[in-house]
Each structure stands twice: as structure tokens, then as C-alpha cells.
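Below is the file coords.txt, which contains compact mmCIF, C-alpha atoms.
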```txt
# COMPACT_ATOMS: atom_id res chain seq x y z
CA MET A 1 90.13 117.09 130.01
CA LEU A 2 89.06 114.43 132.49
CA ALA A 3 90.68 113.50 135.80
CA ALA A 4 92.12 109.96 136.00
CA GLY A 5 89.20 108.54 138.02
CA GLN A 6 86.62 110.27 135.85
CA GLN A 7 88.32 109.00 132.72
CA GLU A 8 88.12 105.41 133.91
CA LYS A 9 84.47 105.86 134.83
CA ALA A 10 83.70 107.35 131.41
CA PHE A 11 85.58 104.50 129.73
CA ASN A 12 83.59 101.88 131.63
CA GLU A 13 80.38 103.60 130.56
CA ILE A 14 81.52 103.43 126.93
CA VAL A 15 82.34 99.73 127.33
CA LYS A 16 78.90 99.10 128.84
CA ASN A 17 76.95 101.06 126.24
CA TYR A 18 78.88 100.50 123.04
CA SER A 19 80.93 97.29 123.19
CA GLU A 20 78.25 94.98 121.84
CA ARG A 21 77.08 97.36 119.14
CA LEU A 22 80.66 98.04 118.12
CA TYR A 23 81.37 94.31 118.02
CA TRP A 24 78.59 93.75 115.48
CA ASN A 25 79.70 96.69 113.39
CA VAL A 26 83.27 95.36 113.22
CA ARG A 27 82.11 91.77 112.78
CA ARG A 28 80.17 92.60 109.64
CA MET A 29 83.18 94.45 108.28
CA VAL A 30 85.86 91.85 108.93
CA GLY A 31 83.74 88.70 109.10
CA SER A 32 85.47 86.31 111.46
CA HIS A 33 84.71 86.24 115.18
CA GLU A 34 88.38 85.84 116.17
CA ASP A 35 89.56 88.82 114.10
CA THR A 36 86.66 90.90 115.42
CA ASP A 37 87.53 90.00 119.01
CA ASP A 38 91.15 91.16 118.53
CA LEU A 39 90.09 94.28 116.67
CA VAL A 40 87.50 95.32 119.26
CA GLN A 41 90.15 95.11 121.98
CA GLU A 42 92.52 97.24 119.90
CA ILE A 43 89.76 99.77 119.25
CA PHE A 44 89.04 100.07 122.97
CA ILE A 45 92.75 100.48 123.74
CA LYS A 46 92.75 103.37 121.21
CA ILE A 47 89.59 104.80 122.77
CA TRP A 48 91.22 104.69 126.22
CA ALA A 49 94.39 106.37 124.92
CA ALA A 50 92.45 109.11 123.13
CA LEU A 51 89.72 109.63 125.69
CA SER A 52 91.61 112.38 127.51
CA SER A 53 91.78 114.37 124.27
CA PHE A 54 88.07 114.00 123.45
CA ARG A 55 86.71 117.54 123.57
CA GLY A 56 83.09 116.87 122.85
CA GLU A 57 83.18 118.73 119.52
CA SER A 58 81.58 115.72 117.88
CA GLN A 59 79.10 113.31 119.39
CA LEU A 60 80.68 110.57 121.49
CA PHE A 61 79.01 107.99 119.26
CA THR A 62 80.48 109.35 116.00
CA TRP A 63 83.90 109.76 117.66
CA ILE A 64 83.92 106.10 118.75
CA TRP A 65 82.66 104.95 115.37
CA ARG A 66 85.37 106.93 113.57
CA ILE A 67 88.05 105.10 115.59
CA SER A 68 86.33 101.80 114.87
CA VAL A 69 86.02 102.49 111.12
CA ASN A 70 89.68 103.53 110.86
CA GLU A 71 90.83 100.38 112.64
CA SER A 72 88.61 98.18 110.46
CA LEU A 73 89.90 99.90 107.32
CA ASN A 74 93.49 99.32 108.46
CA PHE A 75 92.72 95.66 109.07
CA LEU A 76 91.14 95.24 105.62
CA ARG A 77 94.08 97.03 104.00
CA LYS A 78 96.54 94.67 105.72
CA GLN A 79 94.43 91.70 104.64
CA LYS A 80 94.55 92.91 101.02
CA VAL A 81 98.33 93.28 101.18
CA ARG A 82 98.64 89.79 102.69
CA ALA A 83 96.47 88.36 99.89
CA ALA A 84 98.53 90.15 97.24
CA LEU A 85 101.80 88.87 98.74
CA THR A 86 100.54 85.29 98.65
CA PHE A 87 99.09 85.73 95.12
CA GLN A 88 95.56 85.01 96.31
CA SER A 89 92.34 86.74 95.36
CA ILE A 90 90.93 88.70 98.30
CA THR A 91 87.35 88.03 97.10
CA GLU A 92 87.95 84.28 97.02
CA MET A 93 89.59 84.45 100.45
CA GLU A 94 86.56 86.26 101.88
CA GLU A 95 84.13 83.85 100.21
CA ARG A 96 86.03 80.92 101.72
CA ARG A 97 85.96 82.62 105.10
CA ILE A 98 82.18 83.11 104.94
CA ASP A 99 81.66 79.48 103.90
CA SER A 100 83.84 78.08 106.68
CA ASP A 101 82.75 80.46 109.48
CA PRO A 102 81.53 78.23 112.37
CA TYR A 103 79.62 81.18 113.86
CA PHE A 104 77.60 81.91 110.71
CA ASN A 105 74.09 80.53 110.97
CA GLY A 106 72.25 82.60 108.38
CA THR A 107 70.17 81.34 105.48
CA GLU A 108 71.62 80.67 102.03
CA ALA A 109 70.27 84.06 100.87
CA GLU A 110 72.08 85.79 103.75
CA ARG A 111 75.26 83.94 102.89
CA LEU A 112 74.99 85.19 99.31
CA LEU A 113 74.26 88.71 100.57
CA MET A 114 77.43 88.70 102.70
CA LYS A 115 79.46 87.38 99.75
CA ALA A 116 78.05 90.13 97.52
CA ILE A 117 78.94 92.74 100.17
CA ALA A 118 82.47 91.33 100.41
CA LYS A 119 82.94 92.06 96.70
CA LEU A 120 82.21 95.79 97.13
CA PRO A 121 85.00 98.37 97.26
CA THR A 122 85.88 99.13 100.90
CA LYS A 123 84.19 102.52 101.11
CA GLN A 124 80.95 101.36 99.49
CA ARG A 125 80.98 98.39 101.84
CA MET A 126 81.36 100.70 104.87
CA VAL A 127 78.52 102.96 103.75
CA PHE A 128 76.24 100.05 102.92
CA MET A 129 76.89 98.33 106.27
CA MET A 130 76.27 101.44 108.35
CA ARG A 131 73.13 102.34 106.43
CA TYR A 132 71.60 98.91 105.93
CA PHE A 133 72.59 97.08 109.11
CA ASP A 134 72.96 99.93 111.62
CA ASP A 135 70.18 102.15 110.19
CA MET A 136 72.49 105.11 110.61
CA LYS A 137 71.61 108.57 109.29
CA TYR A 138 73.62 109.87 106.34
CA GLU A 139 74.54 112.92 108.47
CA ASP A 140 76.17 110.67 111.10
CA ILE A 141 77.95 108.55 108.46
CA SER A 142 79.13 111.79 106.85
CA GLU A 143 80.73 112.87 110.14
CA ILE A 144 82.33 109.46 110.69
CA LEU A 145 83.74 109.02 107.19
CA ASP A 146 84.38 112.73 106.62
CA THR A 147 82.50 112.61 103.30
CA SER A 148 79.61 114.68 101.96
CA VAL A 149 76.06 113.36 102.28
CA GLY A 150 75.65 113.49 98.48
CA SER A 151 78.68 111.32 97.92
CA LEU A 152 77.45 108.85 100.57
CA LYS A 153 74.06 108.59 98.89
CA ALA A 154 75.78 107.87 95.58
CA SER A 155 78.02 105.25 97.24
CA TYR A 156 75.01 103.56 98.83
CA HIS A 157 73.13 103.59 95.53
CA PHE A 158 76.06 101.98 93.65
CA ALA A 159 76.52 99.41 96.40
CA TYR A 160 72.80 98.59 96.38
CA GLU A 161 72.76 98.15 92.58
CA LYS A 162 75.86 95.94 92.61
CA ILE A 163 74.43 93.72 95.35
CA LYS A 164 71.08 93.50 93.55
CA GLY A 165 72.88 92.46 90.35
CA GLU A 166 74.99 89.92 92.20
CA LEU A 167 71.96 88.37 93.93
CA LYS A 168 69.95 88.26 90.69
CA GLU A 169 72.74 86.21 89.11
CA ASN A 170 72.47 83.63 91.89
CA PHE A 171 68.69 83.28 92.04
CA MET B 172 70.90 98.38 115.73
CA THR B 173 68.49 95.90 114.27
CA ASP B 174 69.06 92.56 116.00
CA ASN B 175 67.13 90.87 113.23
CA LYS B 176 69.86 91.76 110.74
CA ASN B 177 72.53 90.34 113.04
CA ARG B 178 70.90 86.98 113.59
CA MET B 179 72.96 85.47 110.78
CA TYR B 180 76.00 85.66 113.07
CA ASN B 181 76.63 83.83 116.31
CA VAL B 182 79.03 84.33 119.18
CA PRO B 183 80.17 81.78 121.77
CA SER B 184 77.82 81.69 124.76
CA GLY B 185 78.59 84.30 127.45
CA TYR B 186 80.91 86.08 125.04
CA PHE B 187 79.66 89.64 125.60
CA GLU B 188 79.94 89.36 129.40
CA SER B 189 83.54 88.18 129.12
CA LEU B 190 84.27 90.85 126.48
CA GLN B 191 83.03 93.61 128.80
CA THR B 192 85.15 92.26 131.66
CA ARG B 193 88.24 92.15 129.45
CA LEU B 194 87.61 95.63 128.05
CA SER B 195 87.05 97.10 131.52
CA ALA B 196 90.52 95.85 132.49
CA ILE B 197 92.19 97.95 129.75
CA PRO B 198 92.83 101.09 131.89
CA ALA B 199 94.64 99.09 134.58
CA MET B 200 96.63 97.12 131.99
CA GLU B 201 97.66 100.23 130.10
CA GLU B 202 98.74 102.04 133.25
CA GLU B 203 100.80 99.04 134.28
CA ALA B 204 102.38 98.85 130.81
CA GLU B 205 103.15 102.58 130.90
CA GLY B 206 104.89 102.15 134.25
CA ARG B 207 107.14 99.50 132.72
CA VAL B 208 108.35 101.82 129.93
CA THR B 209 111.77 103.03 131.07
CA VAL B 210 114.12 105.53 129.44
CA TRP B 211 116.23 102.57 128.30
CA THR B 212 113.20 101.02 126.50
CA ARG B 213 112.61 104.29 124.68
CA VAL B 214 116.20 104.93 123.57
CA ARG B 215 117.11 101.31 122.80
CA PRO B 216 115.94 101.33 119.13
CA VAL B 217 117.83 104.57 118.45
CA ILE B 218 121.02 103.21 120.01
CA ALA B 219 120.68 99.94 118.06
CA LEU B 220 120.31 101.88 114.80
CA ALA B 221 123.32 104.10 115.57
CA ALA B 222 125.45 101.04 116.53
CA SER B 223 124.55 99.21 113.30
CA PHE B 224 125.46 102.27 111.27
CA ALA B 225 128.81 102.63 113.08
CA ILE B 226 129.65 98.93 112.55
CA LEU B 227 128.78 99.18 108.86
CA LEU B 228 130.92 102.30 108.46
CA THR B 229 133.93 100.74 110.26
CA CYS B 230 133.76 97.49 108.25
CA GLY B 231 133.42 99.42 104.98
CA THR B 232 136.39 101.65 105.77
CA LEU B 233 138.54 98.65 106.77
CA ILE B 234 137.72 96.70 103.61
CA LEU B 235 138.36 99.70 101.37
CA SER B 236 141.66 100.55 103.07
CA LYS B 237 142.87 96.92 102.61
CA THR B 238 141.88 96.69 98.94
CA ALA B 239 141.41 99.93 97.00
CA GLY B 240 144.25 101.75 98.77
CA ASN B 241 146.92 99.26 97.54
CA VAL B 242 146.11 99.45 93.86
CA LYS B 243 148.49 101.76 92.03
CA MET B 244 148.30 102.20 88.26
CA ASN B 245 150.62 103.92 85.86
CA ASP B 246 149.22 105.97 82.97
CA MET B 247 149.39 103.10 80.47
CA GLU B 248 147.66 100.65 82.78
CA PHE B 249 145.00 103.22 83.49
CA LEU B 250 144.45 103.75 79.75
CA GLU B 251 144.13 99.98 79.15
CA TYR B 252 141.76 99.71 82.08
CA ALA B 253 139.69 102.58 80.72
CA TYR B 254 139.46 100.91 77.29
CA ALA B 255 138.45 97.63 78.88
CA MET B 256 135.77 99.29 80.97
CA THR B 257 134.28 101.30 78.09
CA PRO B 258 131.06 99.63 76.98
CA ILE B 259 131.33 98.26 73.46
CA THR B 260 127.98 99.77 72.66
CA GLU B 261 129.74 103.13 72.69
CA PRO B 262 130.39 103.75 68.96
CA TYR B 263 133.36 106.08 69.46
CA SER B 264 135.28 103.42 71.36
CA ILE B 265 134.84 100.92 68.52
CA TYR B 266 136.01 103.31 65.86
CA ASP B 267 139.26 104.80 67.04
CA PRO B 268 141.40 105.32 63.87
CA SER B 269 144.67 105.93 65.72
CA LEU B 270 144.29 102.72 67.74
CA ALA B 271 143.31 100.71 64.66
CA GLU B 272 146.30 101.99 62.71
CA SER B 273 148.78 101.13 65.46
CA LEU B 274 147.29 97.63 65.72
CA TYR B 275 147.77 96.92 62.00
CA THR B 276 151.29 98.27 61.87
CA GLU B 277 152.57 96.73 65.10
CA VAL B 278 151.15 93.19 64.84
CA SER B 279 152.86 90.97 62.27
CA GLU B 280 151.48 87.75 60.77
CA GLU B 281 154.03 85.82 62.81
CA ASP B 282 152.60 87.37 66.00
CA VAL B 283 149.15 86.20 64.97
CA VAL B 284 150.38 82.63 64.28
CA ASN B 285 152.23 82.51 67.62
CA TYR B 286 149.15 83.74 69.41
CA LEU B 287 146.95 81.12 67.77
CA ILE B 288 149.39 78.31 68.60
CA GLU B 289 149.54 79.53 72.20
CA THR B 290 145.75 79.44 72.50
CA GLY B 291 145.68 75.79 71.39
CA VAL B 292 145.01 75.97 67.65
CA SER B 293 146.78 73.07 65.90
CA ILE B 294 149.15 73.41 62.93
CA ASN B 295 146.68 71.48 60.75
CA GLN B 296 143.89 73.87 61.59
CA LEU B 297 146.13 76.84 60.81
CA GLY B 298 147.03 75.29 57.47
CA TYR B 299 143.38 74.67 56.76
CA VAL B 300 142.46 78.35 57.09
CA GLY B 301 145.59 79.38 55.16
CA VAL B 302 147.39 81.25 57.90
CA TYR B 303 150.30 78.81 58.24
CA GLU B 304 151.64 76.98 55.27
```
Structure translated into C-alpha cells:
Amino acid sequence: MLAAGQQEKAFNEIVKNYSERLYWNVRRMVGSHEDTDDLVQEIFIKIWAALSSFRGESQLFTWIWRISVNESLNFLRKQKVRAALTFQSITEMEERRIDSDPYFNGTEAERLLMKAIAKLPTKQRMVFMMRYFDDMKYEDISEILDTSVGSLKASYHFAYEKIKGELKENF
Amino acid sequence: MTDNKNRMYNVPSGYFESLQTRLSAIPAMEEEAEGRVTVWTRVRPVIALAASFAILLTCGTLILSKTAGNVKMNDMEFLEYAYAMTPITEPYSIYDPSLAESLYTEVSEEDVVNYLIETGVSINQLGYVGVYE
């Protein structure tokens, strides 16, 4: 349990050390800059609210990432519901979003890679992103997603194969 | 993090500096918001729900007392109502020998002709089907 002043100091340290990294993690998950900006603020509000109950049983990094992953999953779930209610395909919506993103300046191959990732089931997408883009260890991902290392390896393998297949079709 | 893998995305210039400033303001904002939460703010949704329920209950009771309470049926009316409300898909209600017998014995041909004339069937049409000659 931290005193009020200490808590604020700890929070500012988290902001300084993790905000940018967390932004990129969320950005790759949800895609648009505006949605990421909103989501990162919400994640930090959650971090602030839960900071007093952080007991150090897990690493600070995995604790923060778990909050971030849960918030991103909630966002993607809401997006799916919204798409279903408007009778739109979520994959097409995401493809359109990637194509019209003013802050995307990757190559055509990278655009196709992001579209292939967007087609993955949410959990495979999470695992692939954390492993491929963040170079995270399976042990850390296991703690964040509360899943066994074996299952994560399988998820990554399936995701990798699907993306490879998708890219082969387009080249 | 591998910056190389993030180069496909851009952010507006100076974004991360402004993000950090905004995020650092969260503790102060949250404390201020917490200070604004009064007892009234907390209990308001519960009171609103209870009031809606009470209004619904009162209106329902009033409507029922003005309508259902005034309807009085005798046994015969109740029986007719029960027959009318019985779904015709119920086979036992279609085949009721006692009812069928009373219908055939109590309704004369004259009653049938009168009924048809009352419902707008012309004399010619009655003659055509052989009921009235």
C-alpha cells in the first residue's frame, strides 16, 4: 500500500517509462490513432485506480500489460458488436480502416501484413503482436494472458501459418 | 520494443510529449472528480429506479381497478366466453356431442333463413342454393 504522495510519484514514473511503449502496443491492436489515444487514457485511469492495490506479486510490467490487454480486448469486443448491429463485416471494416489511416506510412507489404493480422481471431492476434512486434517472452505473455506457454506457442504457430498463407495469396 | 517494426505507423508531431502531460494530470483530475461525488449522486439511480417502479405499479393498479373490476359475468356468459376463448385446434372443443345435439334440435330451418336474410343474403341467392323456395 502506497501513501498518496508516493502513489502519484509511482504513477508518474509509469507514465514516463511505459506510456510510449503501451501506446504502440494498443495502436497495433486497435489500429487507429484516435481510438488508441482514448484507450491509452482509459488504461492509465485504470492503472491509477488500481495502483494502490498493486502488491508486487507480479512484475509491474506484466501487471500494466494485463490491464492494457483487457482494455484492448473490451474495445475489440465492442467494435465487433457494433459491426454486427450494423450488419457489417468486421474484417472489411478493419481493412477499410487500414486503407484510410492517415497515420499509416508503411509499405504495401506492411499494409498487407496488418490486414492479414486483422483477420486473425482476437487471442491469436494478441499473441502474435506481443511476440512479433514486442519481442516478448512466452513466459511474460503467459502471465499477462493467463494461458500456458504451450498453448501460446500453438496460438503463435497457427497465427504465423495463417498470415503466411494470406500473404502468399497476395504476392 | 523494436522501433523498426513500428515505423509503419505515424503519430502527430509532439504527440508523446503532450500524451505524457495529459496522463500525468490523471491523479489530480481523478481526485477532483472523486470530491464531486456526493451521496445524492450515488443514490440518485436507485431512487430513480424505485420511483419508476412505484409509478408503474400505481398506473397498473388504477387501470385494472377501472376495467377488470367492473366486469361481472353470470355462469352462462362465462361458459360462452370460455368456448369462445378455447383454441379451435383443441380437438375436444370441436367435437362436443352434447353441444352438437342441442344445436341441431334447437335451430330450425326458419331460424337459418332469418339469420341469412339478416346478414344480407338476398332472397334470390337463398332460392339459388335451395334454402328458400
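From CA of Asp246 in chain B back to CA of Val278 in chain B, the distance works out to 22.3 Å.
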**Message:** Please compute the CA of Ile163 in chain A-CA of Asn25 in chain A distance, one decimal, in Å.
**Reply:** 19.0 Å
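Between CA of Ile43 in chain A and CA of Ile67 in chain A the separation is 6.7 Å.
Of the listed residues A:Thr86, A:Thr107, A:Gln59, A:Ser53, the one whose atoms come nearest to chain B is A:Thr107, with distances taken using all atoms listed in the file.
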Specify as an mmCIF file with C-alpha atoms, keeping the file's coordinate frame all residues of chain B found within 6 Å of chain A, counting all atoms listed in the file.
```
data_model
loop_
_atom_site.group_PDB
_atom_site.id
_atom_site.type_symbol
_atom_site.label_atom_id
_atom_site.label_comp_id
_atom_site.auth_asym_id
_atom_site.auth_seq_id
_atom_site.Cartn_x
_atom_site.Cartn_y
_atom_site.Cartn_z
ATOM 1 C CA MET B 172 70.900 98.380 115.730
ATOM 2 C CA MET B 179 72.960 85.470 110.780
ATOM 3 C CA TYR B 180 76.000 85.660 113.070
ATOM 4 C CA ASN B 181 76.630 83.830 116.310
ATOM 5 C CA SER B 195 87.050 97.100 131.520
#
```
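Distance check against Leu194 in chain B using only C-alpha atoms: of A:Met126, A:Met29, A:Ile47, A:Met93, the minimum falls on A:Ile47.
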**Request:** With a distance cut-off of 12 Å and only C-alpha atoms, select the neighbouring residues of range 117-122 of chain A, excluding the residue or stretch itself and same-chain residues fewer than 3 positions from it, and output the selection as a ChimeraX atom specification.
**Result:** /A:28-31,69-70,72-77,79-80,89-98,110-114,125-129,132-133,145,155-156,158-167
Would you place a box with edges along x, y and z of the file around all atoms of range 137-147 of chain A listed there, add 6 Å to each of its six sides, and report the centre and edge lengths in Å to one decimal, as lines of an AutoDock Vina configuration file?
```
center_x = 78.0
center_y = 110.7
center_z = 107.2
size_x = 24.8
size_y = 16.4
size_z = 19.8
```
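Restricting the calculation to all atoms listed in the file, the smallest distance between Leu22 in chain A and any of A:Thr147, A:Ser52, A:Gln124, A:Thr62 is found for A:Thr62.
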**Message:** I'd like the neighbourhood of Leu287 in chain B as JSON, numbers by chain, where a residue qualifies if any of its atoms comes within 12 Å (using only C-alpha atoms), though same-chain residues fewer than 4 positions away should be ignored.
**Reply:** {"B": [280, 281, 282, 283, 291, 292, 293, 294, 295, 296, 297, 298, 300, 302, 303]}
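Minimum atom-to-atom distance to Asp146 in chain A, evaluated using all atoms listed in the file, belongs to A:Ser58 out of A:Ser58, A:Leu51, A:Leu39, A:Asp99.
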